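Below is one structure, written out as structure tokens, with a few remarks after it.
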Number of protein chains: 2
Amino acid sequence: MTRGRPVKVRLNAVILAVRDERPLLLTVAAGDGAVDALPAGVLDADGDRTLELALRRLVREQAGLELGYVEQLYTFGDRGRDPRERVLSVAYLALVGEGCAAPAAAGARGAAWRDGYALFPWEDWREARPAALDRVIGPALRDWASSVAERQERVAINFGLGGSRWDPTRVLERYELLYELGLVAERARDRQERSGTALGQAMALDHRRMVATALGRIRGKLSYRPVVFELLPEAFTLSRLQRVVEALAGMRLHTPNFRRLIERGGLVERTGAMATHTGGRPAELYGFRREVLRERPAPGVGLPRSAP
Amino acid sequence: MTRGRPVKVRLNAVILAVRDERPLLLTVAAGDGAVDALPAGVLDADGDRTLELALRRLVREQAGLELGYVEQLYTFGDRGRDPRERVLSVAYLALVGEGCAAPAAAGARGAAWRDGYALFPWEDWREARPAALDRVIGPALRDWASSVAERQERVAINFGLGGSRWDPTRVLERYELLYELGLVAERARDRQERSGTALGQAMALDHRRMVATALGRIRGKLSYRPVVFELLPEAFTLSRLQRVVEALAGMRLHTPNFRRLIERGGLVERTGAMATHTGGRPAELYGFRREVLRERPAPGVGLPRSAP
DNA sequence: GGGTGTTTTACTCAGGTTGAGTAAATCAAC
DNA sequence: GTTGATTTACTCAACCTGAGTAAAACACCC
């Protein structure tokens, strides 16, 4: 068995919240200060019983935040991820409710909540088809793929261009394609070239890739696991629920159908209370209905399959 | 930042194939020889450019097998996984076609193909509802969960007992529950107790947990990614395809509906050739239709939602 | 050579789900 | 009281799904 020199092991946290209809990402100041980084640290081989507990400890220490929902995302280990040394990074996805996402919690070590779509402007289709897609990305992709069938297929599948549909879950594939094309700042930085196009806000090392993995994962999971409720308070209105789903999915949903899916699907139950609201008819407050886990194998909010 | 002593990093491979309607798992002899282990090794920090390439190299060296489809499964890092030292293990899932799964390929270091359902007898519902469920597992679960609502819910969700349905993808959750209940041999071994009930074939360390993760993952992926075709030759009959899906899913499928799904879904295309067959009408040979990736966001074979 | 068995293939049909649209109910604000 | 915004209720066609029936085409056996 080959015995190479030992590699370092780090843990990274992609911590998401949704506030004011915007997905937020918890960041800390990177070493050089120029860009943001994800909260990270090393496993205490003696102290930490599990990786997940280690992650919770790290986030507590670095951002003073107690995590709720946590799931392992992916382990990154390519050579050159960190120019200084070979590091294995186990990335985790964490979701925190609106209460915990208060700016107050972000204080230590330059922790701050950043707008997730500032990192991926091309992923937010709620207002309109993102401008960058037609202005920059589309032409660059067409140029790159011209007369190479394999590339054309990859572009079509991931960016929904050649008759294919836009798949909200392919966040990572899209980011990686843009990286290859040199449209994000990290590419030039990693190759020590002069930077050209720099779509979206860059992050330290490969942290933006981790966030892309996280966003893709949670978008996929929306349809078959009741993860949205981790981001909401105990009681919420259906429209608030819809706004949070839309913020994550990056697309608008048909309200009557959304309500039907949620109510008939048995995902929520009425609390009886009403929400006094600003403008419009008052809405009833609902709560997550836990029994749905027993009833349905894949309870989720189901994004539409067809293009909007 | 806390600096613990460095942890070891290992890579593990769960290599699956399907032959004679049985899912097969590639194992090697464990150190003590009593049980099987997964092919494993350490990352060469200087030589291996990526984790995936490292895994391919390890499997090539240890079992003389060139892997096709490979995906990262999960990273295991709990304390006590390996009684000797703290190890971080990055597990991968690999699929090989029937050709590569020949016993000839298994030679070095005691490599052998094992029946996957020998490890998880309760997961194979093709012939009948597995006997172990009613004979051993059911009573033990009922006993354990009696008058504890939270446990009852967990049992219902994962084993489909209290009105819930059997979800083929919850392989890991079921294995972990059986571990907690002391129904698998690894539990007693890890706690250095005298072993009691020992359902299914045990493996070294937490390798059976890794296989459970893999089986659950591929069962889930069947419905939204065309992974089955990695296990089949270029040309195959629809019934052969169905048999492979059934072997993985551990359940029988309704043939006319399965064919409709596959053909109308555009997952395959006719080759024109026919299969001379033993007994019955000759079947047409089909091939995987790659264009489906462009057309549909989640092309898969879709297991039924309802109980059979 | 004809029946028998087995597998492939084709078709039907009811029920549910999904995407899309229309419209009434209810409150805040002006 | 009117206006505006939002919540809630209902409709309808298209599609998908689960389940069943049956014909077509070969191998095998007598």
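Going by the structure tokens order, chains are called A, B, ..., each with residues numbered from 1, while ligands are numbered from 1 in the order shown.
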Residues of chain A that have any atom at most 7 Å from an atom of chain B: could you tabulate them with the shortest-distance atom pair and the distance in Å to one decimal, using only C-alpha atoms, ordered by chain and increasing number, as a Markdown table?
| residue | atom | partner | partner_atom | distance |
| --- | --- | --- | --- | --- |
| A:Met1 | CA | B:Gly41 | CA | 6.5 |
| A:Thr2 | CA | B:Val42 | CA | 6.7 |
| A:Arg3 | CA | B:Val42 | CA | 6.6 |
| A:Gly4 | CA | B:Asp44 | CA | 4.6 |
| A:Arg5 | CA | B:Ala45 | CA | 6.3 |
| A:Pro6 | CA | B:Lys8 | CA | 6.8 |
| A:Val7 | CA | B:Ala45 | CA | 6.5 |
| A:Lys8 | CA | B:Pro6 | CA | 6.8 |
| A:Gly41 | CA | B:Met1 | CA | 6.4 |
| A:Val42 | CA | B:Arg3 | CA | 6.6 |
| A:Leu43 | CA | B:Gly4 | CA | 6.7 |
| A:Asp44 | CA | B:Gly4 | CA | 4.6 |
| A:Ala45 | CA | B:Gly4 | CA | 5.7 |
| A:Arg49 | CA | B:Arg79 | CA | 5.2 |
| A:Thr50 | CA | B:Asp78 | CA | 4.3 |
| A:Leu51 | CA | B:Gly77 | CA | 5.8 |
| A:Thr75 | CA | B:Thr75 | CA | 6.9 |
| A:Gly77 | CA | B:Leu51 | CA | 5.8 |
| A:Asp78 | CA | B:Thr50 | CA | 4.3 |
| A:Arg79 | CA | B:Arg49 | CA | 5.2 |
| A:Arg86 | CA | B:Ala45 | CA | 6.7 |
| A:Glu153 | CA | B:Arg294 | CA | 6.9 |
| A:Ala156 | CA | B:Arg294 | CA | 6.3 |
| A:Ile157 | CA | B:Arg294 | CA | 5.0 |
| A:Ser164 | CA | B:Arg294 | CA | 5.4 |
| A:Asp167 | CA | B:Pro297 | CA | 6.1 |
| A:Leu293 | CA | B:Ile157 | CA | 6.6 |
| A:Arg294 | CA | B:Ile157 | CA | 5.0 |
| A:Glu295 | CA | B:Ser164 | CA | 5.5 |
| A:Pro297 | CA | B:Asp167 | CA | 6.1 |
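The shell of residues at most 12 Å from region 15-22 of chain D, with only C-alpha atoms (C1' of nucleotides) counted and near chain neighbours (fewer than 6 positions) removed, consists of Leu253, His254, Thr255, Pro256, Asn257, Phe258, Arg260, Leu261, Arg264, Gly265, Gly302, Leu303, Pro304, Arg305, Ser306, Ala307 and Pro308 of chain B; DT9, DA10, DC11, DT12, DC13, DA14, DG15, DG16, DT17, DT18 and DG19 of chain C.
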Could the residues in this selection be written to a file with N, CA and C atoms (P, O5', C5', C4', C3', O3' and C1' of nucleotides), as a CSV table (one decimal), in the first residue's frame?
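This is the output file out-v8.csv:
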chain,number,residue,atom,x,y,z
B,253,LEU,N,-41.0,-5.2,-11.0
B,253,LEU,CA,-41.7,-4.1,-11.6
B,253,LEU,C,-42.8,-4.6,-12.6
B,254,HIS,N,-43.8,-3.8,-12.8
B,254,HIS,CA,-44.8,-4.2,-13.8
B,254,HIS,C,-44.3,-4.0,-15.2
B,255,THR,N,-44.1,-5.1,-15.9
B,255,THR,CA,-43.4,-5.1,-17.2
B,255,THR,C,-44.0,-4.1,-18.2
B,256,PRO,N,-45.3,-4.1,-18.5
B,256,PRO,CA,-45.8,-3.2,-19.5
B,256,PRO,C,-45.5,-1.7,-19.1
B,257,ASN,N,-45.7,-1.4,-17.9
B,257,ASN,CA,-45.5,0.0,-17.4
B,257,ASN,C,-44.0,0.3,-17.5
B,258,PHE,N,-43.1,-0.6,-17.2
B,258,PHE,CA,-41.7,-0.4,-17.3
B,258,PHE,C,-41.3,-0.1,-18.7
B,260,ARG,N,-43.2,1.0,-21.1
B,260,ARG,CA,-43.8,2.3,-21.5
B,260,ARG,C,-42.9,3.4,-21.1
B,261,LEU,N,-42.5,3.4,-19.8
B,261,LEU,CA,-41.7,4.4,-19.2
B,261,LEU,C,-40.4,4.6,-20.0
B,264,ARG,N,-41.3,5.4,-24.1
B,264,ARG,CA,-41.9,6.7,-24.2
B,264,ARG,C,-41.0,7.8,-23.6
B,265,GLY,N,-40.2,7.4,-22.6
B,265,GLY,CA,-39.3,8.4,-22.0
B,265,GLY,C,-38.1,8.7,-22.8
B,302,GLY,N,-37.5,5.4,-12.7
B,302,GLY,CA,-38.6,5.6,-11.8
B,302,GLY,C,-39.2,4.4,-11.2
B,303,LEU,N,-38.9,4.1,-9.9
B,303,LEU,CA,-39.5,3.1,-9.2
B,303,LEU,C,-40.9,3.5,-8.8
B,304,PRO,N,-41.8,2.6,-8.6
B,304,PRO,CA,-43.2,3.0,-8.3
B,304,PRO,C,-43.2,3.6,-6.9
B,305,ARG,N,-44.1,4.6,-6.8
B,305,ARG,CA,-44.3,5.2,-5.5
B,305,ARG,C,-45.1,4.4,-4.5
B,306,SER,N,-46.0,3.6,-5.0
B,306,SER,CA,-46.9,2.9,-4.1
B,306,SER,C,-46.3,1.5,-3.8
B,307,ALA,N,-46.9,0.9,-2.8
B,307,ALA,CA,-46.4,-0.4,-2.5
B,307,ALA,C,-46.8,-1.4,-3.6
B,308,PRO,N,-46.1,-2.5,-3.8
B,308,PRO,CA,-46.4,-3.4,-4.8
B,308,PRO,C,-47.6,-4.3,-4.5
C,9,DT,P,-39.6,-7.0,-27.6
C,9,DT,O5',-41.1,-6.5,-27.8
C,9,DT,C5',-41.8,-7.0,-28.9
C,9,DT,C4',-43.3,-6.6,-28.8
C,9,DT,C3',-43.6,-5.2,-28.6
C,9,DT,O3',-44.1,-4.6,-29.8
C,9,DT,C1',-45.1,-6.7,-27.4
C,10,DA,P,-44.6,-3.1,-29.8
C,10,DA,O5',-46.2,-3.2,-29.6
C,10,DA,C5',-46.9,-4.2,-30.3
C,10,DA,C4',-48.4,-4.1,-29.9
C,10,DA,C3',-48.9,-2.7,-29.7
C,10,DA,O3',-50.1,-2.5,-30.5
C,10,DA,C1',-49.4,-4.0,-27.8
C,11,DC,P,-50.7,-1.0,-30.6
C,11,DC,O5',-51.9,-1.0,-29.6
C,11,DC,C5',-52.9,-2.0,-29.7
C,11,DC,C4',-53.7,-2.1,-28.4
C,11,DC,C3',-54.3,-0.7,-27.9
C,11,DC,O3',-55.7,-0.7,-28.2
C,11,DC,C1',-53.5,-2.1,-26.1
C,12,DT,P,-56.6,0.6,-27.9
C,12,DT,O5',-57.2,0.3,-26.4
C,12,DT,C5',-57.6,-1.0,-26.1
C,12,DT,C4',-58.1,-1.1,-24.6
C,12,DT,C3',-58.8,0.2,-24.2
C,12,DT,O3',-60.0,-0.2,-23.5
C,12,DT,C1',-57.1,-0.4,-22.6
C,13,DC,P,-61.2,0.9,-23.4
C,13,DC,O5',-61.5,0.9,-21.8
C,13,DC,C5',-60.7,0.1,-20.9
C,13,DC,C4',-60.6,0.7,-19.6
C,13,DC,C3',-61.1,2.1,-19.4
C,13,DC,O3',-61.8,2.3,-18.2
C,13,DC,C1',-58.9,2.1,-18.8
C,14,DA,P,-62.9,3.4,-18.0
C,14,DA,O5',-62.7,3.7,-16.4
C,14,DA,C5',-62.5,2.6,-15.5
C,14,DA,C4',-61.5,3.0,-14.4
C,14,DA,C3',-61.9,4.3,-13.7
C,14,DA,O3',-61.7,4.2,-12.3
C,14,DA,C1',-59.7,4.4,-14.5
C,15,DG,P,-62.3,5.3,-11.3
C,15,DG,O5',-61.0,6.0,-10.8
C,15,DG,C5',-60.0,5.2,-10.1
C,15,DG,C4',-58.8,6.0,-9.9
C,15,DG,C3',-59.0,7.4,-9.3
C,15,DG,O3',-58.3,7.5,-8.1
C,15,DG,C1',-57.6,7.5,-11.2
C,16,DG,P,-58.4,8.9,-7.3
C,16,DG,O5',-57.0,9.5,-7.6
C,16,DG,C5',-55.8,8.6,-7.5
C,16,DG,C4',-54.6,9.3,-8.0
C,16,DG,C3',-54.4,10.8,-7.5
C,16,DG,O3',-53.1,10.9,-7.0
C,16,DG,C1',-54.4,10.8,-9.9
C,17,DT,P,-52.7,12.2,-6.2
C,17,DT,O5',-51.8,13.0,-7.2
C,17,DT,C5',-50.8,12.2,-8.0
C,17,DT,C4',-50.3,13.1,-9.1
C,17,DT,C3',-50.0,14.6,-8.7
C,17,DT,O3',-48.6,14.9,-9.0
C,17,DT,C1',-51.2,14.6,-10.7
C,18,DT,P,-48.0,16.3,-8.6
C,18,DT,O5',-48.2,17.1,-10.0
C,18,DT,C5',-47.9,16.4,-11.2
C,18,DT,C4',-47.9,17.4,-12.4
C,18,DT,C3',-47.6,18.8,-12.0
C,18,DT,O3',-46.7,19.3,-13.0
C,18,DT,C1',-49.8,18.7,-13.0
C,19,DG,P,-46.1,20.8,-12.8
C,19,DG,O5',-46.8,21.7,-13.9
C,19,DG,C5',-46.7,21.4,-15.2
C,19,DG,C4',-47.6,22.3,-16.0
C,19,DG,C3',-47.5,23.8,-15.8
C,19,DG,O3',-47.4,24.4,-17.0
C,19,DG,C1',-49.7,23.1,-15.4
Counting only C-alpha atoms (C1' of nucleotides), chain C residues within 7 Å of chain A, as a PDB file with C-alpha atoms (C1' of nucleotides), in the first residue's frame:
ATOM      1  C1'  DT C  26     -60.957  39.838   3.031  1.00  0.00           C
ATOM      2  C1'  DC C  27     -58.461  43.269   5.041  1.00  0.00           C
ATOM      3  C1'  DA C  28     -55.379  47.930   5.041  1.00  0.00           C
TER       4       DA C  28
END
Practice problem: For chain B, work out the contacting residues on chain D at 8 Å, counting only C-alpha atoms (C1' of nucleotides), and write them as a PyMOL selection string. | Solution: chain D and resi 25-27
With N, CA and C atoms (P, O5', C5', C4', C3', O3' and C1' of nucleotides) retained, write the just-selected residues as a PDB file, in the first residue's frame.
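What landed in out.pdb:
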ATOM      1  P    DA D  25     -45.963 -11.916 -35.313  1.00  0.00           P
ATOM      2  O5'  DA D  25     -44.829 -12.775 -34.577  1.00  0.00           O
ATOM      3  C5'  DA D  25     -43.796 -12.090 -33.878  1.00  0.00           C
ATOM      4  C4'  DA D  25     -42.945 -13.089 -33.141  1.00  0.00           C
ATOM      5  C3'  DA D  25     -42.504 -14.303 -33.987  1.00  0.00           C
ATOM      6  O3'  DA D  25     -41.101 -14.459 -33.874  1.00  0.00           O
ATOM      7  C1'  DA D  25     -43.426 -15.001 -31.926  1.00  0.00           C
ATOM      8  P    DC D  26     -40.282 -15.148 -35.034  1.00  0.00           P
ATOM      9  O5'  DC D  26     -39.905 -16.554 -34.385  1.00  0.00           O
ATOM     10  C5'  DC D  26     -38.658 -16.709 -33.811  1.00  0.00           C
ATOM     11  C4'  DC D  26     -38.794 -17.325 -32.424  1.00  0.00           C
ATOM     12  C3'  DC D  26     -38.441 -18.807 -32.340  1.00  0.00           C
ATOM     13  O3'  DC D  26     -37.052 -18.948 -32.105  1.00  0.00           O
ATOM     14  C1'  DC D  26     -40.270 -18.176 -30.889  1.00  0.00           C
ATOM     15  P    DA D  27     -36.375 -20.377 -32.246  1.00  0.00           P
ATOM     16  O5'  DA D  27     -36.709 -21.089 -30.844  1.00  0.00           O
ATOM     17  C5'  DA D  27     -36.139 -20.579 -29.647  1.00  0.00           C
ATOM     18  C4'  DA D  27     -36.405 -21.541 -28.495  1.00  0.00           C
ATOM     19  C3'  DA D  27     -35.923 -22.965 -28.736  1.00  0.00           C
ATOM     20  O3'  DA D  27     -35.393 -23.504 -27.528  1.00  0.00           O
ATOM     21  C1'  DA D  27     -38.278 -22.969 -28.434  1.00  0.00           C
TER      22       DA D  27
END
Quiz item: Closest to Gly97 (chain B) among B:Leu267, B:Val136, B:Leu24, B:Met210, using only C-alpha atoms?
Solution: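 Selected residue with least distance to Gly97 (chain B): B:Leu24.
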Exercise. Could you please determine the separation between CA of Val184 (chain B) and CA of Arg209 (chain B) in Å, to one decimal place?
Key: 11.0 Å
Quiz item: What is the distance between CA of Leu183 (chain A) and CA of Glu246 (chain A), in Å to one decimal?
Solution: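 Atom-to-atom, CA of Leu183 (chain A) to CA of Glu246 (chain A), that is 26.3 Å.
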Quiz item: as a PyMOL selection string, which residues of region 228-265 of chain A does DSSP assign to helix (DSSP H, G or I)?
Solution: chain A and resi 228-231+238-249+255-264
Practice problem: Return as a PyMOL selection string the full set of residues in region 21-142 of chain B whose backbone-based DSSP assignment is strand (DSSP E). | Solution: chain B and resi 22-29+36-37+40-42+69-76+87-95+112-115
Self-check item: Shell of 10 Å around DA9 (chain D), only C-alpha atoms (C1' of nucleotides), local chain residues under 2 positions omitted, as a list in words
Solution: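 Final neighbour list, sorted by chain and number: Pro256 of chain A; DA23, DA24 and DA25 of chain C; DT7 of chain D.
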Only C-alpha atoms (C1' of nucleotides), please: the residues just picked out, written as a CSV table (one decimal), in the first residue's frame.
chain,number,residue,atom,x,y,z
A,256,PRO,CA,-52.6,28.2,-6.6
C,23,DA,C1',-62.5,34.6,-9.8
C,24,DA,C1',-64.3,35.5,-5.3
C,25,DA,C1',-63.1,36.8,-0.3
D,7,DT,C1',-55.3,35.2,0.3
Practice problem: For Val171 (chain A), please output as an NGL selection string all residues within 12 Å (counting only C-alpha atoms (C1' of nucleotides); exclusion window: fewer than 5 positions along the same chain). | Solution: :A and (117 or 119-124 or 157-159 or 166 or 176-178 or 208-220 or 248-250)
Given the selection you just returned, output its residues as a file containing C-alpha atoms, formatted as a compact mmCIF listing (two decimals), in the first residue's frame.
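What ended up in out-v1.txt:
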# COMPACT_ATOMS: atom_id res chain seq x y z
CA TYR A 117 -27.14 35.51 -5.67
CA LEU A 119 -22.13 34.98 -6.01
CA PHE A 120 -24.32 33.48 -8.75
CA PRO A 121 -26.24 36.25 -10.52
CA TRP A 122 -27.17 33.88 -13.35
CA GLU A 123 -29.04 31.60 -10.95
CA ASP A 124 -31.83 34.01 -9.99
CA ILE A 157 -27.86 20.29 -20.69
CA ASN A 158 -26.51 22.72 -18.13
CA PHE A 159 -27.64 26.10 -19.42
CA TRP A 166 -33.07 25.26 -17.42
CA GLU A 176 -17.61 24.71 -13.27
CA LEU A 177 -18.36 25.39 -16.91
CA LEU A 178 -17.99 29.13 -16.35
CA ARG A 208 -17.52 29.35 -4.25
CA ARG A 209 -17.53 25.88 -5.72
CA MET A 210 -18.64 24.61 -2.32
CA VAL A 211 -21.47 27.13 -2.21
CA ALA A 212 -22.51 26.08 -5.71
CA THR A 213 -22.60 22.49 -4.53
CA ALA A 214 -24.73 23.53 -1.58
CA LEU A 215 -27.20 25.54 -3.62
CA GLY A 216 -27.60 22.75 -6.12
CA ARG A 217 -28.07 20.23 -3.36
CA ILE A 218 -30.74 22.17 -1.53
CA ARG A 219 -32.58 22.98 -4.73
CA GLY A 220 -32.71 19.30 -5.51
CA LEU A 248 -33.89 29.03 -3.04
CA ALA A 249 -35.15 27.76 -6.36
CA GLY A 250 -34.44 31.06 -8.04
Quiz item: Quick one, how far is CA of Ala273 (chain A) from C1' of DT22 (chain C)?
Solution: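 About the pair CA of Ala273 (chain A) and C1' of DT22 (chain C): they are 28.5 Å apart.
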Exercise. Using only C-alpha atoms (C1' of nucleotides), determine which residues lie at most 10 Å from DT3 (chain D), disregarding the query and same-chain residues fewer than 2 positions distant; provide the list as number ranges by chain.
Key: C: 29-30; D: 1, 5
